file query.pdb (PDB, C-alpha atoms)
MODEL        1
ATOM      1  CA  ASP A 140      47.678 -25.996  73.954  1.00  0.00           C
ATOM      2  CA  VAL A 141      45.733 -22.973  72.792  1.00  0.00           C
ATOM      3  CA  LYS A 142      43.941 -23.610  69.575  1.00  0.00           C
ATOM      4  CA  VAL A 143      42.569 -20.888  67.335  1.00  0.00           C
ATOM      5  CA  THR A 144      40.862 -22.074  64.181  1.00  0.00           C
ATOM      6  CA  GLN A 145      39.673 -20.131  61.164  1.00  0.00           C
ATOM      7  CA  SER A 146      36.907 -21.423  58.951  1.00  0.00           C
ATOM      8  CA  SER A 147      38.760 -21.192  55.649  1.00  0.00           C
ATOM      9  CA  ARG A 148      42.412 -21.161  54.610  1.00  0.00           C
ATOM     10  CA  TYR A 149      41.677 -19.698  51.163  1.00  0.00           C
ATOM     11  CA  LEU A 150      38.709 -17.775  49.830  1.00  0.00           C
ATOM     12  CA  VAL A 151      37.963 -16.224  46.460  1.00  0.00           C
ATOM     13  CA  LYS A 152      35.115 -13.715  46.305  1.00  0.00           C
ATOM     14  CA  ARG A 153      33.786 -11.184  43.849  1.00  0.00           C
ATOM     15  CA  THR A 154      33.610  -7.435  44.325  1.00  0.00           C
ATOM     16  CA  GLY A 155      30.447  -6.469  46.150  1.00  0.00           C
ATOM     17  CA  GLU A 156      29.873  -9.818  47.832  1.00  0.00           C
ATOM     18  CA  LYS A 157      29.285 -10.029  51.583  1.00  0.00           C
ATOM     19  CA  VAL A 158      32.042 -12.118  53.137  1.00  0.00           C
ATOM     20  CA  PHE A 159      32.077 -13.849  56.518  1.00  0.00           C
ATOM     21  CA  LEU A 160      35.306 -14.982  58.166  1.00  0.00           C
ATOM     22  CA  GLU A 161      34.848 -17.141  61.218  1.00  0.00           C
ATOM     23  CA  CYS A 162      37.227 -17.675  64.121  1.00  0.00           C
ATOM     24  CA  VAL A 163      36.880 -20.065  67.053  1.00  0.00           C
ATOM     25  CA  GLN A 164      39.164 -20.459  70.070  1.00  0.00           C
ATOM     26  CA  ASP A 165      39.029 -23.277  72.607  1.00  0.00           C
ATOM     27  CA  MET A 166      40.859 -21.724  75.580  1.00  0.00           C
ATOM     28  CA  ASP A 167      38.006 -19.743  77.091  1.00  0.00           C
ATOM     29  CA  HIS A 168      39.842 -16.516  76.294  1.00  0.00           C
ATOM     30  CA  GLU A 169      37.982 -13.281  76.874  1.00  0.00           C
ATOM     31  CA  ASN A 170      39.815 -11.254  74.233  1.00  0.00           C
ATOM     32  CA  MET A 171      39.664 -11.814  70.509  1.00  0.00           C
ATOM     33  CA  PHE A 172      41.214  -9.850  67.647  1.00  0.00           C
ATOM     34  CA  TRP A 173      41.099  -9.571  63.868  1.00  0.00           C
ATOM     35  CA  TYR A 174      44.166  -8.401  61.904  1.00  0.00           C
ATOM     36  CA  ARG A 175      45.107  -8.188  58.296  1.00  0.00           C
ATOM     37  CA  GLN A 176      48.657  -8.769  57.110  1.00  0.00           C
ATOM     38  CA  ASP A 177      49.970  -7.086  53.992  1.00  0.00           C
ATOM     39  CA  PRO A 178      53.524  -7.004  52.597  1.00  0.00           C
ATOM     40  CA  GLY A 179      55.522  -4.117  54.017  1.00  0.00           C
ATOM     41  CA  LEU A 180      52.737  -3.142  56.421  1.00  0.00           C
ATOM     42  CA  GLY A 181      52.960  -5.847  59.075  1.00  0.00           C
ATOM     43  CA  LEU A 182      49.873  -6.799  61.060  1.00  0.00           C
ATOM     44  CA  ARG A 183      47.203  -4.129  61.385  1.00  0.00           C
ATOM     45  CA  LEU A 184      44.343  -4.403  63.859  1.00  0.00           C
ATOM     46  CA  ILE A 185      40.857  -4.245  62.357  1.00  0.00           C
ATOM     47  CA  TYR A 186      38.573  -4.925  65.343  1.00  0.00           C
ATOM     48  CA  PHE A 187      38.807  -6.511  68.750  1.00  0.00           C
ATOM     49  CA  SER A 188      36.466  -7.706  71.472  1.00  0.00           C
ATOM     50  CA  TYR A 189      36.896  -8.001  75.238  1.00  0.00           C
ATOM     51  CA  ASP A 190      33.617  -9.733  75.950  1.00  0.00           C
ATOM     52  CA  VAL A 191      30.584 -11.289  74.363  1.00  0.00           C
ATOM     53  CA  LYS A 192      28.570  -8.795  72.314  1.00  0.00           C
ATOM     54  CA  MET A 193      31.281  -6.210  72.853  1.00  0.00           C
ATOM     55  CA  LYS A 194      33.454  -4.774  70.077  1.00  0.00           C
ATOM     56  CA  GLU A 195      36.003  -2.026  69.659  1.00  0.00           C
ATOM     57  CA  LYS A 196      37.439  -0.502  66.492  1.00  0.00           C
ATOM     58  CA  GLY A 197      41.082  -1.090  65.776  1.00  0.00           C
ATOM     59  CA  ASP A 198      43.317   0.934  63.500  1.00  0.00           C
ATOM     60  CA  ILE A 199      41.650   0.119  60.164  1.00  0.00           C
ATOM     61  CA  PRO A 200      37.939  -0.708  60.733  1.00  0.00           C
ATOM     62  CA  GLU A 201      36.562   0.906  57.572  1.00  0.00           C
ATOM     63  CA  GLY A 202      34.725  -1.579  55.369  1.00  0.00           C
ATOM     64  CA  TYR A 203      34.518  -4.202  58.106  1.00  0.00           C
ATOM     65  CA  SER A 204      32.216  -5.183  60.925  1.00  0.00           C
ATOM     66  CA  VAL A 205      32.363  -7.909  63.554  1.00  0.00           C
ATOM     67  CA  SER A 206      30.074 -10.096  65.599  1.00  0.00           C
ATOM     68  CA  ARG A 207      30.675 -11.861  68.892  1.00  0.00           C
ATOM     69  CA  GLU A 208      27.572 -13.733  69.982  1.00  0.00           C
ATOM     70  CA  LYS A 209      29.460 -16.426  71.903  1.00  0.00           C
ATOM     71  CA  LYS A 210      32.667 -16.212  73.901  1.00  0.00           C
ATOM     72  CA  GLU A 211      34.563 -18.669  71.724  1.00  0.00           C
ATOM     73  CA  ARG A 212      33.544 -17.265  68.347  1.00  0.00           C
ATOM     74  CA  PHE A 213      34.471 -13.977  66.670  1.00  0.00           C
ATOM     75  CA  SER A 214      33.337 -13.233  63.125  1.00  0.00           C
ATOM     76  CA  LEU A 215      34.698 -10.664  60.704  1.00  0.00           C
ATOM     77  CA  ILE A 216      32.286  -9.383  58.072  1.00  0.00           C
ATOM     78  CA  LEU A 217      33.160  -7.595  54.870  1.00  0.00           C
ATOM     79  CA  GLU A 218      29.896  -5.872  54.053  1.00  0.00           C
ATOM     80  CA  SER A 219      30.713  -5.333  50.362  1.00  0.00           C
ATOM     81  CA  ALA A 220      34.060  -6.812  49.392  1.00  0.00           C
ATOM     82  CA  SER A 221      36.453  -4.668  47.394  1.00  0.00           C
ATOM     83  CA  THR A 222      39.721  -5.521  45.676  1.00  0.00           C
ATOM     84  CA  ASN A 223      41.725  -3.553  48.257  1.00  0.00           C
ATOM     85  CA  GLN A 224      40.508  -6.028  50.875  1.00  0.00           C
ATOM     86  CA  THR A 225      42.512  -8.787  49.250  1.00  0.00           C
ATOM     87  CA  SER A 226      44.796  -9.807  52.096  1.00  0.00           C
ATOM     88  CA  MET A 227      45.755 -12.387  54.704  1.00  0.00           C
ATOM     89  CA  TYR A 228      43.339 -12.204  57.640  1.00  0.00           C
ATOM     90  CA  LEU A 229      44.503 -13.397  61.039  1.00  0.00           C
ATOM     91  CA  CYS A 230      42.434 -14.019  64.129  1.00  0.00           C
ATOM     92  CA  ALA A 231      43.945 -14.050  67.615  1.00  0.00           C
ATOM     93  CA  SER A 232      42.835 -14.542  71.202  1.00  0.00           C
ATOM     94  CA  SER A 233      44.277 -13.763  74.603  1.00  0.00           C
ATOM     95  CA  SER A 234      43.444 -14.168  78.267  1.00  0.00           C
ATOM     96  CA  GLN A 235      42.566 -11.366  80.679  1.00  0.00           C
ATOM     97  CA  VAL A 236      44.383 -13.169  83.477  1.00  0.00           C
ATOM     98  CA  SER A 237      47.499 -11.343  84.595  1.00  0.00           C
ATOM     99  CA  PRO A 238      50.315 -11.632  83.640  1.00  0.00           C
ATOM    100  CA  TYR A 239      49.262 -13.241  80.403  1.00  0.00           C
ATOM    101  CA  GLN A 240      47.118 -10.526  78.868  1.00  0.00           C
ATOM    102  CA  GLU A 241      49.657  -9.425  76.316  1.00  0.00           C
ATOM    103  CA  THR A 242      50.327 -12.811  74.736  1.00  0.00           C
ATOM    104  CA  GLN A 243      48.039 -13.348  71.807  1.00  0.00           C
ATOM    105  CA  TYR A 244      47.587 -16.703  70.108  1.00  0.00           C
ATOM    106  CA  PHE A 245      46.934 -16.720  66.392  1.00  0.00           C
ATOM    107  CA  GLY A 246      44.979 -18.866  64.008  1.00  0.00           C
ATOM    108  CA  PRO A 247      46.503 -20.104  60.718  1.00  0.00           C
ATOM    109  CA  GLY A 248      45.042 -17.239  58.701  1.00  0.00           C
ATOM    110  CA  THR A 249      42.620 -16.903  55.793  1.00  0.00           C
ATOM    111  CA  ARG A 250      44.016 -15.722  52.492  1.00  0.00           C
ATOM    112  CA  LEU A 251      41.224 -13.783  50.797  1.00  0.00           C
ATOM    113  CA  LEU A 252      41.300 -12.829  47.137  1.00  0.00           C
ATOM    114  CA  VAL A 253      38.658 -10.365  45.928  1.00  0.00           C
ATOM    115  CA  LEU A 254      38.226 -10.290  42.140  1.00  0.00           C
TER     116      LEU A 254
ATOM    117  CA  ASP B 181      52.387   6.895  61.864  1.00  0.00           C
ATOM    118  CA  GLN B 182      54.367   3.715  62.409  1.00  0.00           C
ATOM    119  CA  GLN B 183      54.878   3.472  66.163  1.00  0.00           C
ATOM    120  CA  VAL B 184      56.851   0.231  65.950  1.00  0.00           C
ATOM    121  CA  LYS B 185      59.506   0.013  63.259  1.00  0.00           C
ATOM    122  CA  GLN B 186      61.621  -2.795  61.939  1.00  0.00           C
ATOM    123  CA  ASN B 187      63.929  -1.068  59.509  1.00  0.00           C
ATOM    124  CA  SER B 188      65.507  -4.200  58.064  1.00  0.00           C
ATOM    125  CA  PRO B 189      63.051  -6.060  55.857  1.00  0.00           C
ATOM    126  CA  SER B 190      65.459  -8.981  55.512  1.00  0.00           C
ATOM    127  CA  LEU B 191      68.511 -10.529  57.150  1.00  0.00           C
ATOM    128  CA  SER B 192      70.709 -13.404  56.025  1.00  0.00           C
ATOM    129  CA  VAL B 193      72.910 -15.299  58.484  1.00  0.00           C
ATOM    130  CA  GLN B 194      75.013 -18.428  58.331  1.00  0.00           C
ATOM    131  CA  GLU B 195      74.021 -21.453  60.354  1.00  0.00           C
ATOM    132  CA  GLY B 196      75.663 -21.430  63.779  1.00  0.00           C
ATOM    133  CA  ARG B 197      76.209 -17.666  63.820  1.00  0.00           C
ATOM    134  CA  ILE B 198      74.265 -15.070  65.771  1.00  0.00           C
ATOM    135  CA  SER B 199      71.144 -13.458  64.310  1.00  0.00           C
ATOM    136  CA  ILE B 200      70.289  -9.990  65.594  1.00  0.00           C
ATOM    137  CA  LEU B 201      66.915  -8.535  64.739  1.00  0.00           C
ATOM    138  CA  ASN B 202      66.181  -4.942  65.667  1.00  0.00           C
ATOM    139  CA  CYS B 203      63.070  -2.986  66.516  1.00  0.00           C
ATOM    140  CA  ASP B 204      62.519   0.679  67.375  1.00  0.00           C
ATOM    141  CA  TYR B 205      59.460   2.298  68.882  1.00  0.00           C
ATOM    142  CA  THR B 206      58.266   5.842  69.337  1.00  0.00           C
ATOM    143  CA  ASN B 207      55.466   5.602  71.899  1.00  0.00           C
ATOM    144  CA  SER B 208      56.878   6.085  75.401  1.00  0.00           C
ATOM    145  CA  MET B 209      53.703   4.530  76.863  1.00  0.00           C
ATOM    146  CA  PHE B 210      54.667   1.074  75.605  1.00  0.00           C
ATOM    147  CA  ASP B 211      55.605  -1.067  78.588  1.00  0.00           C
ATOM    148  CA  TYR B 212      55.590  -4.623  77.295  1.00  0.00           C
ATOM    149  CA  PHE B 213      57.250  -6.012  74.199  1.00  0.00           C
ATOM    150  CA  LEU B 214      56.948  -9.306  72.366  1.00  0.00           C
ATOM    151  CA  TRP B 215      58.538 -11.130  69.462  1.00  0.00           C
ATOM    152  CA  TYR B 216      56.549 -13.400  67.171  1.00  0.00           C
ATOM    153  CA  LYS B 217      57.776 -15.766  64.488  1.00  0.00           C
ATOM    154  CA  LYS B 218      55.773 -16.482  61.356  1.00  0.00           C
ATOM    155  CA  TYR B 219      56.232 -19.209  58.774  1.00  0.00           C
ATOM    156  CA  PRO B 220      54.548 -18.910  55.367  1.00  0.00           C
ATOM    157  CA  ALA B 221      50.880 -19.931  55.357  1.00  0.00           C
ATOM    158  CA  GLU B 222      50.797 -20.108  59.174  1.00  0.00           C
ATOM    159  CA  GLY B 223      49.746 -17.686  61.873  1.00  0.00           C
ATOM    160  CA  PRO B 224      52.385 -15.935  64.018  1.00  0.00           C
ATOM    161  CA  THR B 225      53.574 -17.844  67.071  1.00  0.00           C
ATOM    162  CA  PHE B 226      54.729 -16.215  70.274  1.00  0.00           C
ATOM    163  CA  LEU B 227      58.467 -16.435  70.846  1.00  0.00           C
ATOM    164  CA  ILE B 228      59.602 -14.316  73.780  1.00  0.00           C
ATOM    165  CA  SER B 229      58.599 -11.167  75.640  1.00  0.00           C
ATOM    166  CA  ILE B 230      60.003  -8.565  77.995  1.00  0.00           C
ATOM    167  CA  SER B 231      58.518  -6.109  80.430  1.00  0.00           C
ATOM    168  CA  SER B 232      59.798  -2.529  80.589  1.00  0.00           C
ATOM    169  CA  ILE B 233      61.052  -3.125  84.133  1.00  0.00           C
ATOM    170  CA  LYS B 234      63.710  -5.444  82.714  1.00  0.00           C
ATOM    171  CA  ASP B 235      66.472  -4.937  80.193  1.00  0.00           C
ATOM    172  CA  LYS B 236      67.041  -8.563  79.246  1.00  0.00           C
ATOM    173  CA  ASN B 237      65.082 -11.777  79.017  1.00  0.00           C
ATOM    174  CA  GLU B 238      66.480 -15.101  77.930  1.00  0.00           C
ATOM    175  CA  ASP B 239      64.842 -18.320  76.792  1.00  0.00           C
ATOM    176  CA  GLY B 240      67.154 -20.948  75.424  1.00  0.00           C
ATOM    177  CA  ARG B 241      68.713 -19.715  72.191  1.00  0.00           C
ATOM    178  CA  PHE B 242      66.604 -16.551  72.222  1.00  0.00           C
ATOM    179  CA  THR B 243      67.416 -13.383  74.148  1.00  0.00           C
ATOM    180  CA  VAL B 244      65.585 -10.080  73.979  1.00  0.00           C
ATOM    181  CA  PHE B 245      67.297  -6.862  75.025  1.00  0.00           C
ATOM    182  CA  LEU B 246      65.457  -3.647  75.818  1.00  0.00           C
ATOM    183  CA  ASN B 247      67.033  -0.186  75.836  1.00  0.00           C
ATOM    184  CA  LYS B 248      64.308   2.127  77.093  1.00  0.00           C
ATOM    185  CA  SER B 249      66.292   5.332  76.759  1.00  0.00           C
ATOM    186  CA  ALA B 250      66.900   4.578  73.085  1.00  0.00           C
ATOM    187  CA  LYS B 251      63.415   3.089  72.599  1.00  0.00           C
ATOM    188  CA  HIS B 252      65.066   0.095  71.027  1.00  0.00           C
ATOM    189  CA  LEU B 253      64.800  -3.643  71.429  1.00  0.00           C
ATOM    190  CA  SER B 254      66.606  -6.484  69.789  1.00  0.00           C
ATOM    191  CA  LEU B 255      66.229 -10.232  69.485  1.00  0.00           C
ATOM    192  CA  HIS B 256      69.369 -12.365  69.500  1.00  0.00           C
ATOM    193  CA  ILE B 257      69.296 -15.936  68.269  1.00  0.00           C
ATOM    194  CA  VAL B 258      72.380 -17.993  69.103  1.00  0.00           C
ATOM    195  CA  PRO B 259      73.237 -20.279  67.425  1.00  0.00           C
ATOM    196  CA  SER B 260      71.055 -19.709  64.387  1.00  0.00           C
ATOM    197  CA  GLN B 261      69.537 -22.783  62.766  1.00  0.00           C
ATOM    198  CA  PRO B 262      67.919 -23.291  59.343  1.00  0.00           C
ATOM    199  CA  GLY B 263      64.564 -23.864  61.063  1.00  0.00           C
ATOM    200  CA  ASP B 264      64.763 -20.295  62.365  1.00  0.00           C
ATOM    201  CA  SER B 265      64.186 -18.995  58.832  1.00  0.00           C
ATOM    202  CA  ALA B 266      60.911 -17.095  59.104  1.00  0.00           C
ATOM    203  CA  VAL B 267      59.476 -13.609  59.376  1.00  0.00           C
ATOM    204  CA  TYR B 268      59.946 -12.073  62.825  1.00  0.00           C
ATOM    205  CA  PHE B 269      57.569  -9.412  64.101  1.00  0.00           C
ATOM    206  CA  CYS B 270      58.126  -7.284  67.156  1.00  0.00           C
ATOM    207  CA  ALA B 271      55.065  -5.999  68.966  1.00  0.00           C
ATOM    208  CA  ALA B 272      54.417  -3.567  71.793  1.00  0.00           C
ATOM    209  CA  SER B 273      51.667  -2.981  74.327  1.00  0.00           C
ATOM    210  CA  ALA B 274      50.765   0.183  76.237  1.00  0.00           C
ATOM    211  CA  GLY B 275      49.304  -1.524  79.273  1.00  0.00           C
ATOM    212  CA  GLY B 276      45.844  -2.500  80.461  1.00  0.00           C
ATOM    213  CA  ILE B 277      42.871  -1.081  78.701  1.00  0.00           C
ATOM    214  CA  THR B 278      39.173  -1.829  78.911  1.00  0.00           C
ATOM    215  CA  GLY B 279      38.472  -5.308  80.178  1.00  0.00           C
ATOM    216  CA  GLY B 280      42.099  -6.046  81.005  1.00  0.00           C
ATOM    217  CA  GLY B 281      43.116  -7.088  77.539  1.00  0.00           C
ATOM    218  CA  ASN B 282      45.968  -5.380  75.833  1.00  0.00           C
ATOM    219  CA  LYS B 283      46.175  -4.248  72.238  1.00  0.00           C
ATOM    220  CA  LEU B 284      49.407  -4.963  70.433  1.00  0.00           C
ATOM    221  CA  THR B 285      51.050  -2.710  67.874  1.00  0.00           C
ATOM    222  CA  PHE B 286      53.146  -4.694  65.427  1.00  0.00           C
ATOM    223  CA  GLY B 287      56.186  -3.814  63.385  1.00  0.00           C
ATOM    224  CA  THR B 288      56.417  -4.571  59.676  1.00  0.00           C
ATOM    225  CA  GLY B 289      58.525  -7.697  60.125  1.00  0.00           C
ATOM    226  CA  THR B 290      62.021  -8.906  59.232  1.00  0.00           C
ATOM    227  CA  GLN B 291      62.543 -11.941  57.008  1.00  0.00           C
ATOM    228  CA  LEU B 292      65.372 -14.010  58.488  1.00  0.00           C
ATOM    229  CA  LYS B 293      67.134 -16.524  56.287  1.00  0.00           C
ATOM    230  CA  VAL B 294      69.591 -18.898  57.913  1.00  0.00           C
ATOM    231  CA  GLU B 295      71.857 -20.443  55.334  1.00  0.00           C
ATOM    232  CA  LEU B 296      73.766 -23.702  55.567  1.00  0.00           C
TER     233      LEU B 296
ENDMDL
END
call {"tool": "encode", "arguments": {"input": "query.pdb", "output": "structure tokens"}}
result
Amino acid sequence: DVKVTQSSRYLVKRTGEKVFLECVQDMDHENMFWYRQDPGLGLRLIYFSYDVKMKEKGDIPEGYSVSREKKERFSLILESASTNQTSMYLCASSSQVSPYQETQYFGPGTRLLVL
Amino acid sequence: DQQVKQNSPSLSVQEGRISILNCDYTNSMFDYFLWYKKYPAEGPTFLISISSIKDKNEDGRFTVFLNKSAKHLSLHIVPSQPGDSAVYFCAASAGGITGGGNKLTFGTGTQLKVEL
């Protein structure tokens, strides 16, 4: 079974703090993704990575950065947290092996509250 | 611009009846479609998928239908069970990109409630 874990289920931070969200997958997947989920907006892609030390912007990268130093780990960084970054953050991974590339496996999510 | 749309935010169905969840898309480059189910406080889990070369895919109680000319897909759940109550997201992919991994574009979700 694919397992994607996220370092925290709930986080409360203050405006202006630097926030790190960690994600680890154990299936040797090449691809990793960070989304945020907000009511009425579905899942929106923030950043993704197809390889170690490689990153690509998603649809809403502003205010975020990422780090992928090891294949199994993908970190999302909020450089200076703001209240509009209060959300549910979801990490996902997928294989590059055809025909499975499209199926992404998700972690349990981190609910972040920025005060 | 919402490229994948789920116009019904919620759906209520009686246990044992059919649930039909709908999804429309605008990008004609999408060639692979997926449905995910999400319970509260959990991440989405993959349910079923379909390639654009097919018009139907079935897996147990779940069937996905694709109408390419209408840019429409639907998920049928028969018979519906209380444990099916969840948010359902449809997602679409436009094929291989850099590195072979595919980005997914998600809809806004439909909350399904299956009542006893």
call {"tool": "residues_around", "arguments": {"input": "query.pdb", "residues": "region 164-169 of chain A", "least_positions_apart": "5", "cutoff": "12 Å", "atoms": "all atoms listed in the file", "output": "PDB file with C-alpha atoms, in the coordinates of the input"}}
result
ATOM      1  CA  ASP A 140      47.678 -25.996  73.954  1.00  0.00           C
ATOM      2  CA  VAL A 141      45.733 -22.973  72.792  1.00  0.00           C
ATOM      3  CA  LYS A 142      43.941 -23.610  69.575  1.00  0.00           C
ATOM      4  CA  VAL A 143      42.569 -20.888  67.335  1.00  0.00           C
ATOM      5  CA  THR A 144      40.862 -22.074  64.181  1.00  0.00           C
ATOM      6  CA  GLN A 145      39.673 -20.131  61.164  1.00  0.00           C
ATOM      7  CA  SER A 146      36.907 -21.423  58.951  1.00  0.00           C
ATOM      8  CA  PHE A 187      38.807  -6.511  68.750  1.00  0.00           C
ATOM      9  CA  SER A 188      36.466  -7.706  71.472  1.00  0.00           C
ATOM     10  CA  TYR A 189      36.896  -8.001  75.238  1.00  0.00           C
ATOM     11  CA  ASP A 190      33.617  -9.733  75.950  1.00  0.00           C
ATOM     12  CA  VAL A 191      30.584 -11.289  74.363  1.00  0.00           C
ATOM     13  CA  LYS A 192      28.570  -8.795  72.314  1.00  0.00           C
ATOM     14  CA  MET A 193      31.281  -6.210  72.853  1.00  0.00           C
ATOM     15  CA  LYS A 194      33.454  -4.774  70.077  1.00  0.00           C
ATOM     16  CA  ARG A 207      30.675 -11.861  68.892  1.00  0.00           C
ATOM     17  CA  LYS A 209      29.460 -16.426  71.903  1.00  0.00           C
ATOM     18  CA  LYS A 210      32.667 -16.212  73.901  1.00  0.00           C
ATOM     19  CA  GLU A 211      34.563 -18.669  71.724  1.00  0.00           C
ATOM     20  CA  ARG A 212      33.544 -17.265  68.347  1.00  0.00           C
ATOM     21  CA  PHE A 213      34.471 -13.977  66.670  1.00  0.00           C
ATOM     22  CA  SER A 214      33.337 -13.233  63.125  1.00  0.00           C
ATOM     23  CA  CYS A 230      42.434 -14.019  64.129  1.00  0.00           C
ATOM     24  CA  ALA A 231      43.945 -14.050  67.615  1.00  0.00           C
ATOM     25  CA  SER A 232      42.835 -14.542  71.202  1.00  0.00           C
ATOM     26  CA  SER A 233      44.277 -13.763  74.603  1.00  0.00           C
ATOM     27  CA  SER A 234      43.444 -14.168  78.267  1.00  0.00           C
ATOM     28  CA  GLN A 235      42.566 -11.366  80.679  1.00  0.00           C
ATOM     29  CA  VAL A 236      44.383 -13.169  83.477  1.00  0.00           C
ATOM     30  CA  TYR A 239      49.262 -13.241  80.403  1.00  0.00           C
ATOM     31  CA  GLN A 240      47.118 -10.526  78.868  1.00  0.00           C
ATOM     32  CA  THR A 242      50.327 -12.811  74.736  1.00  0.00           C
ATOM     33  CA  GLN A 243      48.039 -13.348  71.807  1.00  0.00           C
ATOM     34  CA  TYR A 244      47.587 -16.703  70.108  1.00  0.00           C
ATOM     35  CA  PHE A 245      46.934 -16.720  66.392  1.00  0.00           C
ATOM     36  CA  GLY A 246      44.979 -18.866  64.008  1.00  0.00           C
ATOM     37  CA  PRO A 247      46.503 -20.104  60.718  1.00  0.00           C
TER      38      PRO A 247
ATOM     39  CA  THR B 278      39.173  -1.829  78.911  1.00  0.00           C
ATOM     40  CA  GLY B 279      38.472  -5.308  80.178  1.00  0.00           C
ATOM     41  CA  GLY B 280      42.099  -6.046  81.005  1.00  0.00           C
ATOM     42  CA  GLY B 281      43.116  -7.088  77.539  1.00  0.00           C
ATOM     43  CA  ASN B 282      45.968  -5.380  75.833  1.00  0.00           C
TER      44      ASN B 282
END
call {"tool": "atom_distance", "arguments": {"input": "query.pdb", "atom1": "CA of Leu284 (chain B)", "atom2": "CA of Ala272 (chain B)"}}
result
5.4 Å
call {"tool": "atom_distance", "arguments": {"input": "query.pdb", "atom1": "CA of Tyr228 (chain A)", "atom2": "CA of Pro189 (chain B)"}}
result
20.7 Å
call {"tool": "closest_residue", "arguments": {"input": "query.pdb", "among": "B:Gly240, B:Pro259, B:Pro220, B:Gly196", "to": "chain A", "atoms": "only C-alpha atoms"}}
result
B:Pro220
call {"tool": "atom_distance", "arguments": {"input": "query.pdb", "atom1": "CA of Val163 (chain A)", "atom2": "CA of Ile216 (chain A)"}}
result
14.7 Å
call {"tool": "resolve_selection", "arguments": {"input": "query.pdb", "expression": "the PyMOL selection byres ((chain B and resi 202) around 8)", "output": "short mmCIF file (atom, residue, chain, number, x, y, z; two decimals) with C-alpha atoms, keeping the file's coordinate frame"}}
result
data_model
loop_
_atom_site.label_atom_id
_atom_site.label_comp_id
_atom_site.auth_asym_id
_atom_site.auth_seq_id
_atom_site.Cartn_x
_atom_site.Cartn_y
_atom_site.Cartn_z
CA GLN B 186 61.62 -2.80 61.94
CA ASN B 187 63.93 -1.07 59.51
CA SER B 188 65.51 -4.20 58.06
CA ILE B 200 70.29 -9.99 65.59
CA LEU B 201 66.92 -8.54 64.74
CA CYS B 203 63.07 -2.99 66.52
CA ASP B 204 62.52 0.68 67.38
CA HIS B 252 65.07 0.10 71.03
CA LEU B 253 64.80 -3.64 71.43
CA SER B 254 66.61 -6.48 69.79
CA LEU B 255 66.23 -10.23 69.48
#
call {"tool": "closest_residue", "arguments": {"input": "query.pdb", "among": "B:Asn207, B:Ser192, B:Ser265, B:Ser199", "to": "Ala250 (chain B)", "atoms": "only C-alpha atoms"}}
result
B:Asn207
call {"tool": "resolve_selection", "arguments": {"input": "query.pdb", "expression": "the PyMOL selection byres ((chain A and resi 220-224) around 8)", "output": "PyMOL selection string"}}
result
chain A and resi 152-158+202+217-219+225-226+251-254
